[in-house]
file entry_27.cif (mmCIF, C-alpha atoms)
data_run
#
loop_
_atom_site.label_atom_id
_atom_site.label_comp_id
_atom_site.auth_asym_id
_atom_site.auth_seq_id
_atom_site.Cartn_x
_atom_site.Cartn_y
_atom_site.Cartn_z
CA MET A 150 0.00 0.00 0.00
CA LYS A 151 2.87 2.41 0.84
CA THR A 152 4.52 1.71 -2.52
CA LYS A 153 1.28 2.39 -4.35
CA LYS A 154 0.85 5.73 -2.56
CA LEU A 155 4.43 6.79 -3.38
CA LYS A 156 3.97 5.92 -7.06
CA LEU A 157 0.72 7.85 -7.20
CA ALA A 158 2.38 10.86 -5.56
CA SER A 159 5.19 10.73 -8.15
CA VAL A 160 2.65 10.80 -10.97
CA MET A 161 0.95 13.83 -9.45
CA VAL A 162 4.25 15.73 -8.90
CA LEU A 163 5.46 15.03 -12.42
CA SER A 164 2.11 16.13 -13.83
CA THR A 165 2.18 19.48 -12.02
CA VAL A 166 5.54 20.30 -13.67
CA VAL A 167 3.98 20.13 -17.12
CA LEU A 168 0.67 21.81 -16.32
CA ALA A 169 1.69 25.18 -17.79
CA ALA A 170 2.68 23.62 -21.10
CA CYS A 171 -0.57 21.75 -21.59
CA THR A 172 -3.64 23.18 -23.27
CA ASN A 173 -5.89 21.09 -21.01
CA PRO A 174 -3.64 20.26 -18.02
CA PHE A 175 -6.30 18.93 -15.60
CA ASP A 176 -7.65 16.49 -18.19
CA GLN A 177 -4.13 15.18 -18.77
CA LEU A 178 -3.52 14.85 -15.02
CA ALA A 179 -6.76 12.90 -14.61
CA ASP A 180 -5.88 10.66 -17.56
CA GLU A 181 -2.45 9.88 -16.10
CA ILE A 182 -3.83 9.05 -12.66
CA ASN A 183 -6.68 6.95 -14.06
CA SER A 184 -4.28 5.16 -16.38
CA TYR A 185 -1.97 4.33 -13.48
CA LEU A 186 -4.79 3.11 -11.28
CA ALA A 187 -6.30 1.01 -14.09
CA GLY A 188 -2.92 -0.54 -14.78
CA ASP A 189 -2.41 -1.33 -11.11
CA GLU A 190 -5.82 -3.00 -10.91
CA ALA A 191 -5.07 -5.06 -14.00
CA VAL A 192 -1.81 -6.27 -12.45
CA SER A 193 -3.67 -7.10 -9.23
CA GLU A 194 -6.31 -9.09 -11.13
CA GLU A 195 -3.61 -10.99 -13.00
CA ALA A 196 -1.88 -11.81 -9.70
CA GLU A 197 -5.12 -13.10 -8.21
CA GLU A 198 -5.80 -15.27 -11.27
CA SER A 199 -2.27 -16.63 -11.06
CA ALA A 200 -2.69 -17.42 -7.37
CA GLU A 201 -5.96 -19.22 -8.10
CA ALA A 202 -4.28 -21.23 -10.83
CA ARG A 203 -1.47 -22.23 -8.45
CA GLY A 204 -4.09 -23.25 -5.89
CA ASP A 205 -5.76 -25.51 -8.46
CA THR A 206 -2.55 -27.24 -9.46
CA GLU A 207 -1.09 -27.51 -5.96
CA ALA A 208 -4.27 -28.56 -4.12
CA ASN A 209 -3.79 -29.20 -0.41
CA PRO A 210 -5.44 -32.51 0.54
CA LEU A 211 -6.35 -31.02 3.92
CA TYR A 212 -8.88 -28.84 2.08
CA ALA A 213 -10.37 -31.63 -0.06
CA PRO A 214 -13.81 -32.90 0.97
CA ILE A 215 -13.68 -36.02 3.15
CA ASP A 216 -14.91 -38.98 1.12
CA TYR A 217 -15.11 -42.56 2.42
CA THR A 218 -17.78 -43.76 -0.02
CA HIS A 219 -15.32 -46.19 -1.63
CA LEU A 220 -15.02 -47.95 1.75
CA TYR A 221 -18.74 -48.50 2.32
CA GLY A 222 -19.40 -52.21 2.83
CA GLU A 223 -15.70 -53.08 2.43
CA GLY A 224 -13.41 -55.02 4.76
CA GLU A 225 -12.44 -58.53 5.81
CA GLU A 226 -12.41 -59.92 9.36
CA THR A 227 -8.87 -59.96 10.71
CA SER A 228 -7.03 -60.23 14.03
CA ILE A 229 -3.90 -58.12 14.47
CA SER A 230 -1.39 -58.25 17.32
CA ALA A 231 0.79 -55.49 18.75
CA GLY A 232 3.17 -53.80 16.34
CA GLU A 233 3.07 -51.74 13.14
CA HIS A 234 0.82 -52.68 10.22
CA VAL A 235 -0.05 -51.29 6.76
CA VAL A 236 -3.57 -51.21 5.35
CA GLY A 237 -3.62 -53.02 2.01
CA GLU A 238 -0.90 -55.42 3.17
CA ASP A 239 -1.81 -56.66 6.65
CA ILE A 240 -5.51 -55.83 6.48
CA MET A 241 -7.96 -54.88 3.74
CA PRO A 242 -9.27 -51.30 3.51
CA GLY A 243 -12.81 -50.86 4.78
CA ARG A 244 -15.00 -49.87 7.71
CA TYR A 245 -14.46 -51.88 10.90
CA SER A 246 -15.64 -52.44 14.42
CA ILE A 247 -12.42 -52.89 16.38
CA THR A 248 -12.26 -54.65 19.77
CA SER A 249 -9.46 -55.81 22.05
CA THR A 250 -8.88 -59.30 23.49
CA GLY A 251 -6.04 -58.32 25.82
CA GLU A 252 -6.22 -58.59 29.61
CA TYR A 253 -5.46 -54.89 29.90
CA SER A 254 -6.03 -51.88 27.68
CA GLY A 255 -4.18 -51.34 24.43
CA TYR A 256 -3.78 -48.30 22.17
CA LEU A 257 -4.50 -48.16 18.45
CA SER A 258 -3.25 -45.22 16.38
CA ILE A 259 -3.65 -44.70 12.63
CA TYR A 260 -1.71 -42.40 10.27
CA ASP A 261 -2.20 -41.79 6.56
CA GLU A 262 0.45 -42.09 3.84
CA GLU A 263 1.58 -38.52 4.55
CA GLU A 264 2.16 -39.42 8.23
CA ARG A 265 -0.82 -37.31 9.32
CA TYR A 266 -2.74 -38.58 12.33
CA VAL A 267 -6.12 -40.06 11.33
CA ALA A 268 -7.55 -41.65 14.47
CA GLY A 269 -6.67 -43.42 17.68
CA GLU A 270 -8.25 -44.88 20.80
CA VAL A 271 -7.44 -46.67 24.04
CA LEU A 272 -9.43 -49.93 24.10
CA ALA A 273 -10.16 -52.20 27.05
CA SER A 274 -11.52 -55.73 26.80
CA GLU A 275 -15.01 -56.68 27.91
CA GLY A 276 -14.91 -57.95 31.49
CA THR A 277 -11.60 -56.32 32.43
CA GLU A 278 -10.92 -55.17 35.99
CA SER A 279 -12.95 -52.27 37.38
CA THR A 280 -9.95 -50.01 36.80
CA PHE A 281 -10.80 -50.01 33.10
CA ARG A 282 -14.60 -50.09 33.32
CA ASP A 283 -15.00 -46.55 31.87
CA TYR A 284 -12.68 -47.12 28.92
CA PRO A 285 -14.08 -47.82 25.43
CA THR A 286 -14.34 -51.48 24.46
CA GLU A 287 -15.08 -50.80 20.78
CA VAL A 288 -14.15 -48.22 18.15
CA LEU A 289 -15.60 -47.96 14.62
CA LEU A 290 -13.20 -46.64 12.00
CA TYR A 291 -12.69 -46.18 8.28
CA ILE A 292 -9.20 -47.31 7.27
CA ASP A 293 -7.89 -46.67 3.77
CA GLU A 294 -5.23 -48.06 1.46
CA GLY A 295 -1.76 -47.05 2.66
CA ASP A 296 -2.81 -46.09 6.19
CA LYS A 297 -0.34 -47.16 8.88
CA MET A 298 -1.56 -48.64 12.15
CA GLU A 299 0.30 -49.04 15.42
CA ILE A 300 -0.95 -51.25 18.26
CA THR A 301 0.72 -50.98 21.67
CA ASN A 302 0.80 -53.35 24.67
CA ASP A 303 0.57 -57.12 24.61
CA THR A 304 -2.89 -57.35 23.08
CA THR A 305 -4.70 -58.48 19.95
CA PHE A 306 -7.25 -56.32 18.16
CA VAL A 307 -10.10 -57.93 16.23
CA PHE A 308 -11.31 -56.10 13.10
CA THR A 309 -14.87 -56.93 12.06
CA PRO A 310 -16.38 -55.32 8.91
CA VAL A 311 -19.50 -53.24 9.61
CA ASP A 312 -21.77 -50.95 7.63
CA GLY A 313 -24.38 -48.35 8.77
CA PRO A 314 -26.85 -47.19 9.74
CA PHE A 315 -26.34 -46.80 13.50
CA GLU A 316 -28.57 -45.20 16.12
CA GLY A 317 -29.01 -44.96 19.88
CA ALA A 318 -25.74 -45.33 21.80
CA LEU A 319 -22.65 -44.86 19.65
CA SER A 320 -19.17 -46.16 20.42
CA PRO A 321 -16.11 -44.00 19.74
CA GLY A 322 -15.20 -43.76 16.09
CA MET A 323 -16.08 -42.23 12.74
CA TYR A 324 -19.60 -41.81 11.35
CA ILE A 325 -20.73 -40.25 8.07
CA ALA A 326 -24.01 -38.32 8.38
CA GLY A 327 -26.39 -39.59 5.71
CA HIS A 328 -24.84 -43.07 5.67
CA ASP A 329 -23.82 -44.32 9.13
CA ILE A 330 -26.21 -42.01 10.99
CA GLU A 331 -29.09 -39.87 9.78
CA ALA A 332 -28.39 -36.22 9.15
CA GLY A 333 -30.34 -33.86 11.41
CA ASP A 334 -30.57 -32.50 14.95
CA TYR A 335 -29.66 -34.70 17.91
CA ARG A 336 -29.83 -34.57 21.68
CA ILE A 337 -26.45 -35.91 22.88
CA THR A 338 -26.23 -37.39 26.39
CA THR A 339 -23.67 -39.49 28.27
CA GLU A 340 -23.73 -41.87 31.21
CA ASP A 341 -21.87 -41.06 34.44
CA THR A 342 -18.17 -41.54 33.77
CA GLU A 343 -14.78 -40.62 35.17
CA LEU A 344 -13.52 -39.87 31.67
CA SER A 345 -14.13 -37.03 29.23
CA GLY A 346 -14.01 -37.16 25.45
CA ASN A 347 -14.85 -35.09 22.39
CA ILE A 348 -17.21 -34.99 19.44
CA TYR A 349 -15.78 -33.38 16.29
CA VAL A 350 -17.70 -32.55 13.12
CA HIS A 351 -16.07 -31.66 9.79
CA GLN A 352 -16.32 -32.11 6.03
CA ILE A 353 -12.66 -31.32 5.32
CA GLU A 354 -9.59 -32.17 7.38
CA ALA A 355 -8.43 -28.56 7.72
CA TYR A 356 -10.98 -27.40 10.28
CA ASP A 357 -13.88 -28.48 12.47
CA SER A 358 -17.36 -27.08 11.94
CA GLY A 359 -18.32 -28.22 15.44
CA ARG A 360 -16.66 -29.55 18.57
CA TYR A 361 -17.96 -30.44 22.02
CA SER A 362 -16.34 -31.95 25.11
CA VAL A 363 -18.45 -34.76 26.56
CA GLY A 364 -18.45 -36.75 29.78
CA ASN A 365 -17.08 -35.80 33.19
CA PRO A 366 -17.87 -32.11 33.96
CA GLU A 367 -14.77 -31.90 36.17
CA TYR A 368 -12.73 -32.17 32.97
CA GLY A 369 -14.88 -29.79 30.93
CA GLY A 370 -17.30 -32.39 29.59
CA LYS A 371 -21.02 -31.87 29.02
CA ASP A 372 -23.58 -34.59 29.67
CA SER A 373 -26.45 -33.13 27.60
CA PHE A 374 -26.54 -30.81 24.58
CA VAL A 375 -27.85 -30.53 21.01
CA MET A 376 -25.81 -30.89 17.81
CA THR A 377 -26.72 -30.67 14.12
CA PHE A 378 -25.19 -33.04 11.58
CA ASP A 379 -25.44 -32.11 7.90
CA GLU A 380 -25.38 -34.57 5.00
CA GLY A 381 -21.77 -35.64 4.41
CA ASP A 382 -20.43 -34.55 7.81
CA LEU A 383 -17.76 -36.76 9.35
CA VAL A 384 -18.69 -37.13 13.02
CA GLU A 385 -15.83 -38.33 15.25
CA ILE A 386 -16.34 -39.48 18.83
CA THR A 387 -13.19 -39.94 20.92
CA GLY A 388 -12.08 -40.72 24.46
CA ILE A 389 -15.35 -41.94 25.97
CA LYS A 390 -17.07 -45.33 26.16
CA SER A 391 -20.28 -44.25 24.39
CA VAL A 392 -22.68 -41.38 23.76
CA ASN A 393 -26.45 -41.56 23.44
CA MET A 394 -27.93 -40.01 20.29
CA GLU A 395 -31.61 -39.04 20.34
CA LYS A 396 -32.90 -37.78 16.97
CA LEU A 397 -35.00 -34.63 17.34
CA GLU A 398 -38.00 -34.07 15.08
#
call {"tool": "encode", "arguments": {"input": "entry_27.cif", "output": "structure tokens"}}
result
Amino acid sequence: MKTKKLKLASVMVLSTVVLAACTNPFDQLADEINSYLAGDEAVSEEAEESAEARGDTEANPLYAPIDYTHLYGEGEETSISAGEHVVGEDIMPGRYSITSTGEYSGYLSIYDEEERYVAGEVLASEGTESTFRDYPTEVLLYIDEGDKMEITNDTTFVFTPVDGPFEGALSPGMYIAGHDIEAGDYRITTEDTELSGNIYVHQIEAYDSGRYSVGNPEYGGKDSFVMTFDEGDLVEITGIKSVNMEKLE
């Protein structure tokens, strides 16, 4: 902006020098200023078009719409032990209900081909000691070709293919509004728990359109509130055993 002002001032100073020699000096001054401004706007428009073109050719995947439609109804039942695994090699891509068979809790984390974090959850087994009674025992996830999974602790995770729709109490995981759950308004509630978790809503990876903490109020959680899920939203529930979803009419 400062450069533009200095250039405009130079045009005006130069024009005043030649005013006496011009038959219609004010018209010429106006023409020069308008010509400069028009030229500057043209350059600006060209720069914007160039930036848009660069954006098209160098698209950031974080701003691409989330799309798991190619994974609907896909998957193959598999058991995987602790360690690192690659989707497409150790397990087929798809949508899975994942449970643990270990005596204690284990942790599952998933990263995409670009090493970006996709999802993760601490899972306890059904019937474990009371110490783990509030921990999730199931997580539902979409896993895609090339994703990398890491399972910690001496445990085995069982992957069972599942497909929507779901309603009522939902386990932690990923749900597509319009496929796994109905789009619309919901009353979200939780049971008494020592833990707190989160519900995230987004249609692109770059930002969330909604986020709520759920569970134990001592840790900032809410035990009753209303959320709206639009068609195509990815709804992610993390860190809590389950949430109750009551569809509002």
call {"tool": "atom_distance", "arguments": {"input": "entry_27.cif", "atom1": "CA of Thr286 in chain A", "atom2": "CA of Leu272 in chain A"}}
result
5.2 Å
call {"tool": "axis_aligned_box", "arguments": {"input": "entry_27.cif", "around": "range 354-373 of chain A", "padding_each_side": "4 Å", "output": "lines of an AutoDock Vina configuration file"}}
result
center_x = -17.4
center_y = -31.9
center_z = 21.8
size_x = 26.0
size_y = 17.7
size_z = 36.8
call {"tool": "resolve_selection", "arguments": {"input": "entry_27.cif", "expression": "the PyMOL selection byres ((chain A and resi 359) around 10)", "output": "VMD selection string"}}
result
chain A and resid 348 to 351 356 to 358 360 to 361 376 to 378 384
call {"tool": "closest_residue", "arguments": {"input": "entry_27.cif", "among": "A:Val363, A:Val311, A:Leu220, A:Val375", "to": "Ser246 in chain A", "atoms": "only C-alpha atoms"}}
result
A:Val311
call {"tool": "resolve_selection", "arguments": {"input": "entry_27.cif", "expression": "the PyMOL selection byres ((chain A and resi 386) around 9)", "output": "list in words"}}
result
Leu319, Ser320, Pro321, Gly322, Met323, Tyr324, Gly346, Asn347, Ile348, Tyr349, Val384, Glu385, Thr387, Gly388, Ile389, Ser391 and Val392 of chain A
call {"tool": "write_last_selection", "arguments": {"input": "entry_27.cif", "atoms": "C-alpha atoms", "output": "short mmCIF file (atom, residue, chain, number, x, y, z; two decimals), keeping the file's coordinate frame"}}
result
data_model
loop_
_atom_site.label_atom_id
_atom_site.label_comp_id
_atom_site.auth_asym_id
_atom_site.auth_seq_id
_atom_site.Cartn_x
_atom_site.Cartn_y
_atom_site.Cartn_z
CA LEU A 319 -22.65 -44.86 19.65
CA SER A 320 -19.17 -46.16 20.42
CA PRO A 321 -16.11 -44.00 19.74
CA GLY A 322 -15.20 -43.76 16.09
CA MET A 323 -16.08 -42.23 12.74
CA TYR A 324 -19.60 -41.81 11.35
CA GLY A 346 -14.01 -37.16 25.45
CA ASN A 347 -14.85 -35.09 22.39
CA ILE A 348 -17.21 -34.99 19.44
CA TYR A 349 -15.78 -33.38 16.29
CA VAL A 384 -18.69 -37.13 13.02
CA GLU A 385 -15.83 -38.33 15.25
CA THR A 387 -13.19 -39.94 20.92
CA GLY A 388 -12.08 -40.72 24.46
CA ILE A 389 -15.35 -41.94 25.97
CA SER A 391 -20.28 -44.25 24.39
CA VAL A 392 -22.68 -41.38 23.76
#
call {"tool": "atom_distance", "arguments": {"input": "entry_27.cif", "atom1": "CA of Asp216 in chain A", "atom2": "CA of Ile325 in chain A"}}
result
9.2 Å
call {"tool": "resolve_selection", "arguments": {"input": "entry_27.cif", "expression": "the PyMOL selection byres ((chain A and resi 309) around 8)", "output": "list of chain:residue names"}}
result
A:Gly224, A:Glu225, A:Glu226, A:Thr227, A:Tyr245, A:Ser246, A:Ile247, A:Val307, A:Phe308, A:Pro310, A:Val311
call {"tool": "closest_residue", "arguments": {"input": "entry_27.cif", "among": "A:Phe306, A:Tyr291, A:Phe315, A:Phe374", "to": "Tyr221 in chain A", "atoms": "all atoms listed in the file"}}
result
A:Tyr291
call {"tool": "residues_around", "arguments": {"input": "entry_27.cif", "residues": "Glu380 in chain A", "least_positions_apart": "3", "cutoff": "9 Å", "atoms": "only C-alpha atoms", "output": "PyMOL selection string"}}
result
chain A and resi 325-328+331-333
call {"tool": "residues_around", "arguments": {"input": "entry_27.cif", "residues": "Asp261 in chain A", "least_positions_apart": "2", "cutoff": "9 Å", "atoms": "only C-alpha atoms", "output": "VMD selection string"}}
result
chain A and resid 259 263 to 267 292 to 298
call {"tool": "atom_distance", "arguments": {"input": "entry_27.cif", "atom1": "CA of Gly381 in chain A", "atom2": "CA of Ile330 in chain A"}}
result
10.2 Å
call {"tool": "residues_around", "arguments": {"input": "entry_27.cif", "residues": "Asp283 in chain A", "least_positions_apart": "6", "cutoff": "8 Å", "atoms": "all atoms listed in the file", "output": "list of chain:residue names"}}
result
A:Thr342, A:Glu343, A:Leu344, A:Ile389, A:Lys390
call {"tool": "closest_residue", "arguments": {"input": "entry_27.cif", "among": "A:Val288, A:Ile300, A:Ala318, A:Ile337", "to": "Ser373 in chain A", "atoms": "only C-alpha atoms"}}
result
A:Ile337
call {"tool": "closest_residue", "arguments": {"input": "entry_27.cif", "among": "A:Tyr253, A:Ala231, A:Glu275, A:Leu383", "to": "Leu290 in chain A", "atoms": "all atoms listed in the file"}}
result
A:Leu383
